[in-house]
>>> print(open('start-v1.csv').read())   # CSV, C-alpha atoms
chain,number,residue,atom,x,y,z
A,1,MET,CA,113.7,114.5,113.6
A,2,GLY,CA,115.6,112.1,111.4
A,3,ILE,CA,117.5,109.0,111.1
A,4,CYS,CA,118.8,107.6,114.4
A,5,ILE,CA,121.4,104.9,114.1
A,6,SER,CA,122.1,102.5,117.0
A,7,THR,CA,124.8,99.8,116.6
A,8,GLU,CA,124.7,96.7,118.8
A,9,SER,CA,128.1,95.0,119.3
A,10,SER,CA,126.6,91.6,120.3
A,11,ALA,CA,124.2,89.4,118.4
A,12,ILE,CA,120.5,90.3,118.2
A,13,HIS,CA,119.6,86.9,119.7
A,14,GLY,CA,119.0,87.6,123.3
A,15,ALA,CA,117.6,91.0,122.4
A,16,PRO,CA,119.7,93.5,124.4
A,17,GLU,CA,118.5,97.1,124.5
A,18,PRO,CA,119.9,99.2,121.7
A,19,GLU,CA,121.8,102.4,122.6
A,20,GLU,CA,119.5,105.4,121.9
A,21,GLY,CA,120.6,108.1,119.5
A,22,ARG,CA,119.3,111.5,118.7
A,23,ASP,CA,115.8,110.4,117.8
A,24,GLU,CA,114.2,108.1,120.3
A,25,ASN,CA,111.4,107.2,117.9
A,26,VAL,CA,113.8,105.4,115.5
A,27,ILE,CA,116.0,102.4,116.2
A,28,ILE,CA,118.5,100.9,113.7
A,29,PHE,CA,120.1,97.7,114.9
A,30,GLU,CA,123.0,95.9,113.3
A,31,SER,CA,123.9,92.4,114.6
A,32,SER,CA,127.4,91.0,114.7
A,33,ASN,CA,125.9,88.2,112.6
A,34,VAL,CA,126.2,90.6,109.7
A,35,LEU,CA,129.6,90.8,108.0
A,36,CYS,CA,131.1,94.3,108.1
A,37,GLU,CA,131.2,94.5,104.3
A,38,THR,CA,127.5,93.8,104.1
A,39,PRO,CA,125.7,97.0,102.9
A,40,ARG,CA,122.7,98.4,104.8
A,41,LEU,CA,120.3,99.3,102.1
A,42,CYS,CA,117.8,101.0,104.4
A,43,SER,CA,116.6,104.4,105.4
A,44,VAL,CA,114.3,105.4,108.2
A,45,TYR,CA,112.8,108.8,108.9
A,46,SER,CA,110.2,110.0,111.4
A,47,LYS,CA,108.7,113.5,111.7
A,48,GLN,CA,106.4,114.9,114.3
A,49,GLY,CA,103.2,116.4,113.1
A,50,SER,CA,101.3,119.3,114.6
A,51,LYS,CA,99.2,117.3,117.0
A,52,GLY,CA,101.7,117.2,119.8
A,53,LEU,CA,104.2,114.4,120.7
A,54,ASN,CA,105.3,112.1,117.9
A,55,GLN,CA,103.4,108.9,118.6
A,56,ASP,CA,105.1,107.0,115.8
A,57,ALA,CA,108.1,104.7,116.2
A,58,ALA,CA,110.2,102.6,113.8
A,59,THR,CA,112.7,99.8,114.0
A,60,PHE,CA,115.1,98.3,111.4
A,61,LEU,CA,117.3,95.3,112.2
A,62,GLN,CA,119.9,93.7,109.9
A,63,GLY,CA,121.1,90.3,110.9
A,64,PHE,CA,117.7,89.3,112.3
A,65,GLY,CA,118.6,85.9,113.7
A,66,THR,CA,120.7,85.0,110.6
A,67,LYS,CA,123.0,87.2,108.6
A,68,ASP,CA,120.8,87.2,105.5
A,69,ALA,CA,117.6,88.2,107.4
A,70,ALA,CA,116.3,91.7,108.0
A,71,TYR,CA,113.4,93.1,110.1
A,72,CYS,CA,111.5,96.3,109.6
A,73,GLY,CA,108.6,97.7,111.8
A,74,VAL,CA,106.5,100.8,111.9
A,75,PHE,CA,104.3,101.5,114.9
A,76,ASP,CA,101.7,104.3,115.1
A,77,GLY,CA,100.5,105.1,118.6
A,78,HIS,CA,97.1,106.7,119.4
A,79,GLY,CA,95.4,107.9,122.6
A,80,ARG,CA,96.7,109.7,125.6
A,81,ASN,CA,99.6,107.2,126.1
A,82,GLY,CA,100.0,106.1,122.5
A,83,HIS,CA,103.6,107.5,122.3
A,84,ILE,CA,104.6,105.3,125.2
A,85,VAL,CA,102.9,102.2,123.8
A,86,SER,CA,104.5,102.5,120.3
A,87,LYS,CA,108.0,102.8,121.8
A,88,ILE,CA,107.5,99.9,124.1
A,89,VAL,CA,106.3,97.7,121.2
A,90,SER,CA,109.0,98.9,118.8
A,91,LYS,CA,111.7,97.9,121.3
A,92,ARG,CA,110.3,94.6,122.4
A,93,VAL,CA,108.2,92.8,119.8
A,94,PHE,CA,111.2,91.8,117.6
A,95,SER,CA,112.9,90.0,120.4
A,96,LEU,CA,109.6,88.2,121.2
A,97,ILE,CA,109.4,87.1,117.6
A,98,LEU,CA,112.9,85.7,117.7
A,99,ASN,CA,112.3,83.9,121.0
A,100,GLN,CA,109.2,82.3,119.6
A,101,LYS,CA,110.9,81.3,116.4
A,102,ASP,CA,113.7,79.7,118.4
A,103,ALA,CA,111.1,77.8,120.5
A,104,HIS,CA,109.4,76.4,117.3
A,105,SER,CA,112.8,75.4,115.9
A,106,LYS,CA,113.6,73.5,119.1
A,107,ILE,CA,110.3,71.6,118.8
A,108,ASP,CA,111.1,70.7,115.2
A,109,ASP,CA,114.5,69.5,116.2
A,110,ALA,CA,113.0,67.4,119.0
A,111,LEU,CA,110.6,65.9,116.6
A,112,GLU,CA,113.4,64.8,114.3
A,113,LYS,CA,115.6,63.5,117.2
A,114,GLY,CA,112.8,62.1,119.4
A,115,ASP,CA,113.9,64.2,122.3
A,116,GLU,CA,111.4,63.3,125.1
A,117,ASN,CA,112.7,66.0,127.5
A,118,ILE,CA,111.4,68.7,125.1
A,119,LEU,CA,108.4,66.9,123.7
A,120,ASN,CA,107.0,66.2,127.2
A,121,HIS,CA,106.6,70.0,127.6
A,122,VAL,CA,104.8,70.6,124.2
A,123,ASP,CA,101.0,70.7,124.4
A,124,LYS,CA,100.5,70.3,120.7
A,125,VAL,CA,102.9,69.4,117.9
A,126,GLU,CA,102.1,69.7,114.2
A,127,ASP,CA,103.4,66.7,112.3
A,128,ASP,CA,103.2,68.4,108.9
A,129,LYS,CA,104.6,72.0,108.6
A,130,GLY,CA,103.5,72.3,105.0
A,131,PRO,CA,105.5,73.0,101.9
A,132,ASN,CA,107.5,75.9,103.4
A,133,LYS,CA,108.4,75.0,107.0
A,134,ASN,CA,110.4,78.2,107.6
A,135,ILE,CA,107.5,80.5,106.5
A,136,GLN,CA,105.1,78.7,108.8
A,137,GLU,CA,107.5,78.9,111.7
A,138,TRP,CA,107.7,82.7,111.2
A,139,GLU,CA,103.9,82.9,111.1
A,140,GLU,CA,103.5,80.9,114.3
A,141,ALA,CA,106.3,83.0,116.0
A,142,ILE,CA,104.6,86.3,115.0
A,143,LEU,CA,101.2,85.2,116.2
A,144,SER,CA,102.6,84.0,119.5
A,145,ALA,CA,104.8,87.1,119.9
A,146,PHE,CA,101.9,89.5,119.2
A,147,ARG,CA,99.8,87.7,121.8
A,148,VAL,CA,102.5,88.0,124.4
A,149,MET,CA,103.2,91.6,123.5
A,150,ASP,CA,99.6,92.6,124.1
A,151,LYS,CA,99.7,91.0,127.5
A,152,GLU,CA,102.9,92.8,128.4
A,153,VAL,CA,101.3,96.1,127.4
A,154,LYS,CA,98.4,95.4,129.6
A,155,LEU,CA,100.7,94.7,132.5
A,156,GLN,CA,102.7,97.9,132.2
A,157,GLU,CA,102.6,99.8,135.6
A,158,ASN,CA,101.5,103.4,135.8
A,159,ILE,CA,100.3,103.4,132.1
A,160,ASP,CA,96.6,103.5,131.4
A,161,CYS,CA,96.1,101.7,128.1
A,162,SER,CA,92.4,101.3,128.2
A,163,CYS,CA,92.0,103.9,125.4
A,164,SER,CA,95.6,104.0,124.2
A,165,GLY,CA,97.5,101.7,121.9
A,166,THR,CA,99.5,101.3,118.7
A,167,THR,CA,99.3,99.8,115.3
A,168,ALA,CA,102.1,97.7,113.9
A,169,VAL,CA,103.2,96.7,110.4
A,170,VAL,CA,106.2,94.3,110.4
A,171,VAL,CA,108.2,92.8,107.5
A,172,ILE,CA,110.8,90.1,107.8
A,173,ARG,CA,113.0,89.3,104.8
A,174,GLU,CA,115.0,86.1,104.9
A,175,GLY,CA,116.7,85.3,101.6
A,176,GLU,CA,114.0,85.4,99.0
A,177,ASP,CA,111.2,84.9,101.5
A,178,LEU,CA,109.1,87.8,102.7
A,179,VAL,CA,106.8,87.6,105.7
A,180,ILE,CA,104.4,90.5,106.3
A,181,ALA,CA,102.4,91.0,109.5
A,182,ASN,CA,99.9,93.9,109.8
A,183,LEU,CA,97.9,95.1,112.9
A,184,GLY,CA,95.9,98.3,112.2
A,185,ASP,CA,96.1,100.9,109.4
A,186,SER,CA,99.8,101.4,108.8
A,187,ARG,CA,100.8,99.9,105.4
A,188,ALA,CA,103.5,98.1,103.5
A,189,ILE,CA,104.1,98.2,99.7
A,190,LEU,CA,106.6,96.5,97.4
A,191,GLY,CA,108.2,98.4,94.5
A,192,THR,CA,108.8,96.2,91.5
A,193,VAL,CA,110.0,96.9,88.0
A,194,SER,CA,107.8,96.1,85.0
A,195,ASP,CA,108.6,97.4,81.5
A,196,ASP,CA,111.2,99.8,83.0
A,197,GLU,CA,108.6,101.4,85.2
A,198,ILE,CA,108.3,101.1,89.0
A,199,ILE,CA,105.0,99.5,90.0
A,200,PRO,CA,103.7,99.4,93.6
A,201,ILE,CA,102.2,96.2,95.0
A,202,GLN,CA,100.3,96.7,98.3
A,203,LEU,CA,101.4,94.0,100.7
A,204,THR,CA,98.9,94.8,103.5
A,205,THR,CA,95.2,95.6,103.9
A,206,ASP,CA,94.4,98.7,106.0
A,207,MET,CA,92.6,97.2,109.0
A,208,LYS,CA,89.9,99.7,109.5
A,209,PRO,CA,86.4,99.3,111.0
A,210,GLY,CA,84.8,100.0,107.6
A,211,LEU,CA,86.1,96.7,106.2
A,212,PRO,CA,83.1,94.4,106.0
A,213,ARG,CA,84.9,91.4,107.7
A,214,GLU,CA,86.3,93.7,110.4
A,215,ALA,CA,82.9,95.3,111.0
A,216,ASP,CA,81.2,91.9,111.2
A,217,ARG,CA,83.7,90.7,113.8
A,218,ILE,CA,83.3,93.9,115.9
A,219,ARG,CA,79.5,93.8,115.8
A,220,SER,CA,79.5,90.1,116.7
A,221,CYS,CA,81.2,91.2,119.9
A,222,ASN,CA,78.6,93.9,120.6
A,223,GLY,CA,80.9,96.7,119.5
A,224,ARG,CA,79.4,99.4,117.3
A,225,VAL,CA,80.8,100.7,114.1
A,226,PHE,CA,79.7,104.1,112.7
A,227,ALA,CA,81.0,107.4,111.5
A,228,LEU,CA,80.3,110.8,113.0
A,229,LYS,CA,78.3,113.3,110.9
A,230,GLU,CA,81.2,115.7,110.8
A,231,GLU,CA,83.6,113.1,109.5
A,232,SER,CA,81.4,110.8,107.5
A,233,HIS,CA,84.4,109.2,105.8
A,234,ILE,CA,85.9,107.8,109.0
A,235,GLN,CA,84.3,104.7,110.5
A,236,ARG,CA,85.0,104.2,114.2
A,237,VAL,CA,84.5,101.6,116.9
A,238,TRP,CA,82.4,102.4,119.9
A,239,LEU,CA,81.3,100.6,123.1
A,240,PRO,CA,77.9,98.9,123.1
A,241,ASN,CA,76.1,101.5,125.2
A,242,GLU,CA,78.4,104.5,125.1
A,243,ASN,CA,79.7,106.8,122.4
A,244,SER,CA,83.2,106.2,123.4
A,245,PRO,CA,86.1,105.8,122.6
A,246,GLY,CA,85.7,106.0,118.8
A,247,LEU,CA,88.7,104.1,117.6
A,248,ALA,CA,89.5,104.5,113.9
A,249,MET,CA,91.1,101.1,113.4
A,250,SER,CA,90.0,97.5,114.0
A,251,ARG,CA,93.2,95.9,115.3
A,252,ALA,CA,95.8,97.2,117.7
A,253,PHE,CA,98.0,96.6,120.7
A,254,GLY,CA,96.4,98.1,123.8
A,255,ASP,CA,92.9,99.7,123.7
A,256,PHE,CA,91.7,97.3,126.3
A,257,MET,CA,88.4,99.0,126.8
A,258,LEU,CA,87.5,97.6,123.4
A,259,LYS,CA,89.2,94.2,123.6
A,260,ASP,CA,85.9,92.5,124.6
A,261,HIS,CA,84.1,94.2,121.7
A,262,GLY,CA,86.0,93.2,118.6
A,263,ILE,CA,89.4,95.0,118.8
A,264,ILE,CA,92.1,92.3,118.5
A,265,ALA,CA,95.9,92.1,118.6
A,266,ILE,CA,96.0,89.3,116.0
A,267,PRO,CA,97.9,90.4,113.0
A,268,ASP,CA,96.9,89.7,109.4
A,269,ILE,CA,99.9,87.7,108.1
A,270,SER,CA,100.9,87.0,104.5
A,271,TYR,CA,104.0,86.1,102.6
A,272,ARG,CA,105.5,86.1,99.1
A,273,SER,CA,108.7,85.1,97.3
A,274,LEU,CA,110.8,87.9,96.0
A,275,THR,CA,112.0,88.1,92.4
A,276,SER,CA,114.8,89.9,90.6
A,277,SER,CA,112.3,92.6,89.6
A,278,ASP,CA,111.5,93.5,93.2
A,279,GLN,CA,113.4,96.7,94.2
A,280,PHE,CA,112.3,97.9,97.6
A,281,ILE,CA,109.8,97.7,100.4
A,282,VAL,CA,108.2,100.7,102.1
A,283,LEU,CA,106.5,100.7,105.5
A,284,ALA,CA,104.8,103.8,106.6
A,285,SER,CA,102.3,105.1,109.2
A,286,ASP,CA,98.9,106.2,108.1
A,287,GLY,CA,99.9,109.9,108.2
A,288,VAL,CA,101.7,109.1,104.9
A,289,TRP,CA,99.0,107.0,103.2
A,290,ASP,CA,96.2,109.5,104.1
A,291,VAL,CA,97.7,112.0,101.6
A,292,LEU,CA,99.9,110.0,99.3
A,293,SER,CA,99.0,107.1,97.0
A,294,ASN,CA,101.0,103.9,96.6
A,295,ASN,CA,102.1,105.1,93.2
A,296,GLU,CA,103.3,108.5,94.5
A,297,VAL,CA,105.2,106.9,97.3
A,298,SER,CA,106.9,104.3,95.1
A,299,SER,CA,107.8,107.0,92.6
A,300,ILE,CA,109.4,109.2,95.3
A,301,VAL,CA,111.5,106.3,96.6
A,302,TRP,CA,112.5,105.2,93.1
A,303,THR,CA,113.7,108.7,92.0
A,304,ALA,CA,115.5,109.5,95.3
A,305,ASP,CA,119.2,110.3,94.7
A,306,THR,CA,120.3,107.8,97.3
A,307,GLU,CA,118.9,105.1,99.6
A,308,LYS,CA,119.7,107.3,102.5
A,309,GLU,CA,117.4,110.1,101.3
A,310,ALA,CA,114.4,108.0,100.3
A,311,ALA,CA,112.5,107.8,103.5
A,312,LYS,CA,113.0,111.5,104.3
A,313,ALA,CA,111.8,112.4,100.8
A,314,VAL,CA,108.6,110.5,101.3
A,315,VAL,CA,108.0,112.1,104.7
A,316,GLU,CA,108.7,115.6,103.5
A,317,ALA,CA,106.3,115.0,100.5
A,318,ALA,CA,103.6,113.8,102.8
A,319,THR,CA,104.0,116.7,105.2
A,320,ALA,CA,103.8,119.2,102.3
A,321,THR,CA,100.7,117.5,100.9
A,322,TRP,CA,99.0,117.6,104.2
A,323,LYS,CA,99.5,121.4,104.4
A,324,ASN,CA,98.2,121.9,100.8
A,325,LYS,CA,95.3,119.3,100.9
A,326,TYR,CA,94.1,120.0,104.5
A,327,PRO,CA,95.3,123.6,105.3
A,328,PHE,CA,93.0,123.8,108.3
A,329,SER,CA,93.8,120.4,109.7
A,330,LYS,CA,96.7,119.4,112.0
A,331,VAL,CA,99.4,117.4,110.2
A,332,ASP,CA,99.7,113.8,111.3
A,333,ASP,CA,103.0,112.2,112.4
A,334,CYS,CA,104.7,110.6,109.5
A,335,THR,CA,107.2,107.7,109.7
A,336,VAL,CA,108.7,105.7,106.8
A,337,VAL,CA,111.1,102.7,106.6
A,338,CYS,CA,112.5,101.9,103.1
A,339,LEU,CA,114.2,98.6,102.7
A,340,PHE,CA,116.0,98.2,99.4
A,341,LEU,CA,116.3,94.7,98.1
A,342,GLN,CA,119.1,95.6,95.8
A,343,LYS,CA,121.4,98.6,95.1
A,344,LYS,CA,119.6,101.5,93.4
A,345,ARG,CA,120.6,101.8,89.8
A,346,ASN,CA,123.3,104.4,89.1
A,347,LYS,CA,123.0,105.8,92.6
A,348,THR,CA,125.4,106.1,95.5
A,349,LEU,CA,125.2,103.2,97.9
A,350,TYR,CA,124.2,104.0,101.5
A,351,THR,CA,126.6,102.3,103.8
>>> encode(input="start-v1.csv", output="structure tokens")
Amino acid sequence: MGICISTESSAIHGAPEPEEGRDENVIIFESSNVLCETPRLCSVYSKQGSKGLNQDAATFLQGFGTKDAAYCGVFDGHGRNGHIVSKIVSKRVFSLILNQKDAHSKIDDALEKGDENILNHVDKVEDDKGPNKNIQEWEEAILSAFRVMDKEVKLQENIDCSCSGTTAVVVIREGEDLVIANLGDSRAILGTVSDDEIIPIQLTTDMKPGLPREADRIRSCNGRVFALKEESHIQRVWLPNENSPGLAMSRAFGDFMLKDHGIIAIPDISYRSLTSSDQFIVLASDGVWDVLSNNEVSSIVWTADTEKEAAKAVVEAATATWKNKYPFSKVDDCTVVCLFLQKKRNKTLYT
């Protein structure tokens, strides 16, 4: 499995389905909002592990609403139908985010213009959007979109998602603004230069049941959190009176058996302003982070010959480390998205 490029001839607004390429787990979307001479400084790679079907999915979109915006997402499915859920979410949630962002923008315009036709249909309007109105609009859009996405997953016909679901880590870059949304235990890091060395900054917190605040929420909903004796390092979520299903993350789309017992589809959202020292962003499923550190991943990306090769280099390193570190365990699926914020120094540009 490798990079799958899909090019959409019309604008991303309206969210048409992309044409599928040779790897259905990966979608790359380019909007007509993007000028043809604009470079795509991104690489995506997904590799099936030894557990069965690849349950990971990834999406990259350039021209996300505006020509200077980009969207990246990595989705790690789990459970019997996790491969289906991850693909559904990867193809759908970005359009929901854009739709919600448009809706918030229309409300703001109505506030400025005093348009009663729109305001009469708004239940609640915030008068003060804070110091960065655009960032707050993205946050509100993501929260609304994730809520709708979880409902859509539940309404899928002929798919049992009671014990199946997917994580999601999403990054939106618009100009110098970076918005990060995390649901589950995939991760995003930022590679930045300091004293001529690449330094990783972790942008997300792995949402696992062992986190005190996550465990407290789950237990307050009568869910149970504990690890099995044979895997004492992995905290899992269990039903109140049954040793099932044993979910190893605290937030996810799907997993409706546990939705009344602390598992939520509300992402942890953060943001930061980019600087000239920031070089790239890496999103990856937990199959990568289980065996490679933030420092190792950032170093691999930084030393890759080209942008195009960076994501594959990380995945191949993770796969090799799995086999060496856990020779008797099945290798997990590994998926990586690398978004370069500027051209790699003295390297060939991926266009």
>>> closest_residue(input="start-v1.csv", among="A:Ala181, A:Ala145, A:Val26, A:Leu155", to="A:Phe256", atoms="all atoms listed in the file")
A:Leu155
>>> closest_residue(input="start-v1.csv", among="A:Ala248, A:Cys163, A:Val314, A:Ile281", to="A:Phe226", atoms="all atoms listed in the file")
A:Ala248
>>> atom_distance(input="start-v1.csv", atom1="atom CA of A:Ser250", atom2="atom CA of A:Arg173")
26.1 Å
>>> closest_residue(input="start-v1.csv", among="A:Lys330, A:Thr275, A:Arg217, A:Ser162", to="A:Leu258", atoms="all atoms listed in the file")
A:Ser162
>>> residues_around(input="start-v1.csv", residues="A:Asn81", least_positions_apart="2", cutoff="8 Å", atoms="all atoms listed in the file", output="PyMOL selection string")
chain A and resi 77-79+83-85+159-161+164-165
>>> write_last_selection(input="start-v1.csv", atoms="C-alpha atoms", output="short mmCIF file (atom, residue, chain, number, x, y, z; two decimals), in the coordinates of the input")
data_model
loop_
_atom_site.label_atom_id
_atom_site.label_comp_id
_atom_site.auth_asym_id
_atom_site.auth_seq_id
_atom_site.Cartn_x
_atom_site.Cartn_y
_atom_site.Cartn_z
CA GLY A 77 100.50 105.10 118.60
CA HIS A 78 97.10 106.70 119.40
CA GLY A 79 95.40 107.90 122.60
CA HIS A 83 103.60 107.50 122.30
CA ILE A 84 104.60 105.30 125.20
CA VAL A 85 102.90 102.20 123.80
CA ILE A 159 100.30 103.40 132.10
CA ASP A 160 96.60 103.50 131.40
CA CYS A 161 96.10 101.70 128.10
CA SER A 164 95.60 104.00 124.20
CA GLY A 165 97.50 101.70 121.90
#
>>> atom_distance(input="start-v1.csv", atom1="atom CA of A:Ser329", atom2="atom CA of A:Lys312")
21.8 Å
>>> closest_residue(input="start-v1.csv", among="A:Ile264, A:Ala141, A:Ala311, A:Val170", to="A:Glu214", atoms="all atoms listed in the file")
A:Ile264
>>> atom_distance(input="start-v1.csv", atom1="atom CA of A:Gly223", atom2="atom CA of A:Lys151")
21.2 Å
>>> closest_residue(input="start-v1.csv", among="A:Val44, A:Leu53, A:Ile266, A:Ile97", to="A:Asp332", atoms="only C-alpha atoms")
A:Leu53
>>> closest_residue(input="start-v1.csv", among="A:Ser293, A:Ser244, A:Ser220, A:Asn132", to="A:Tyr271", atoms="all atoms listed in the file")
A:Asn132
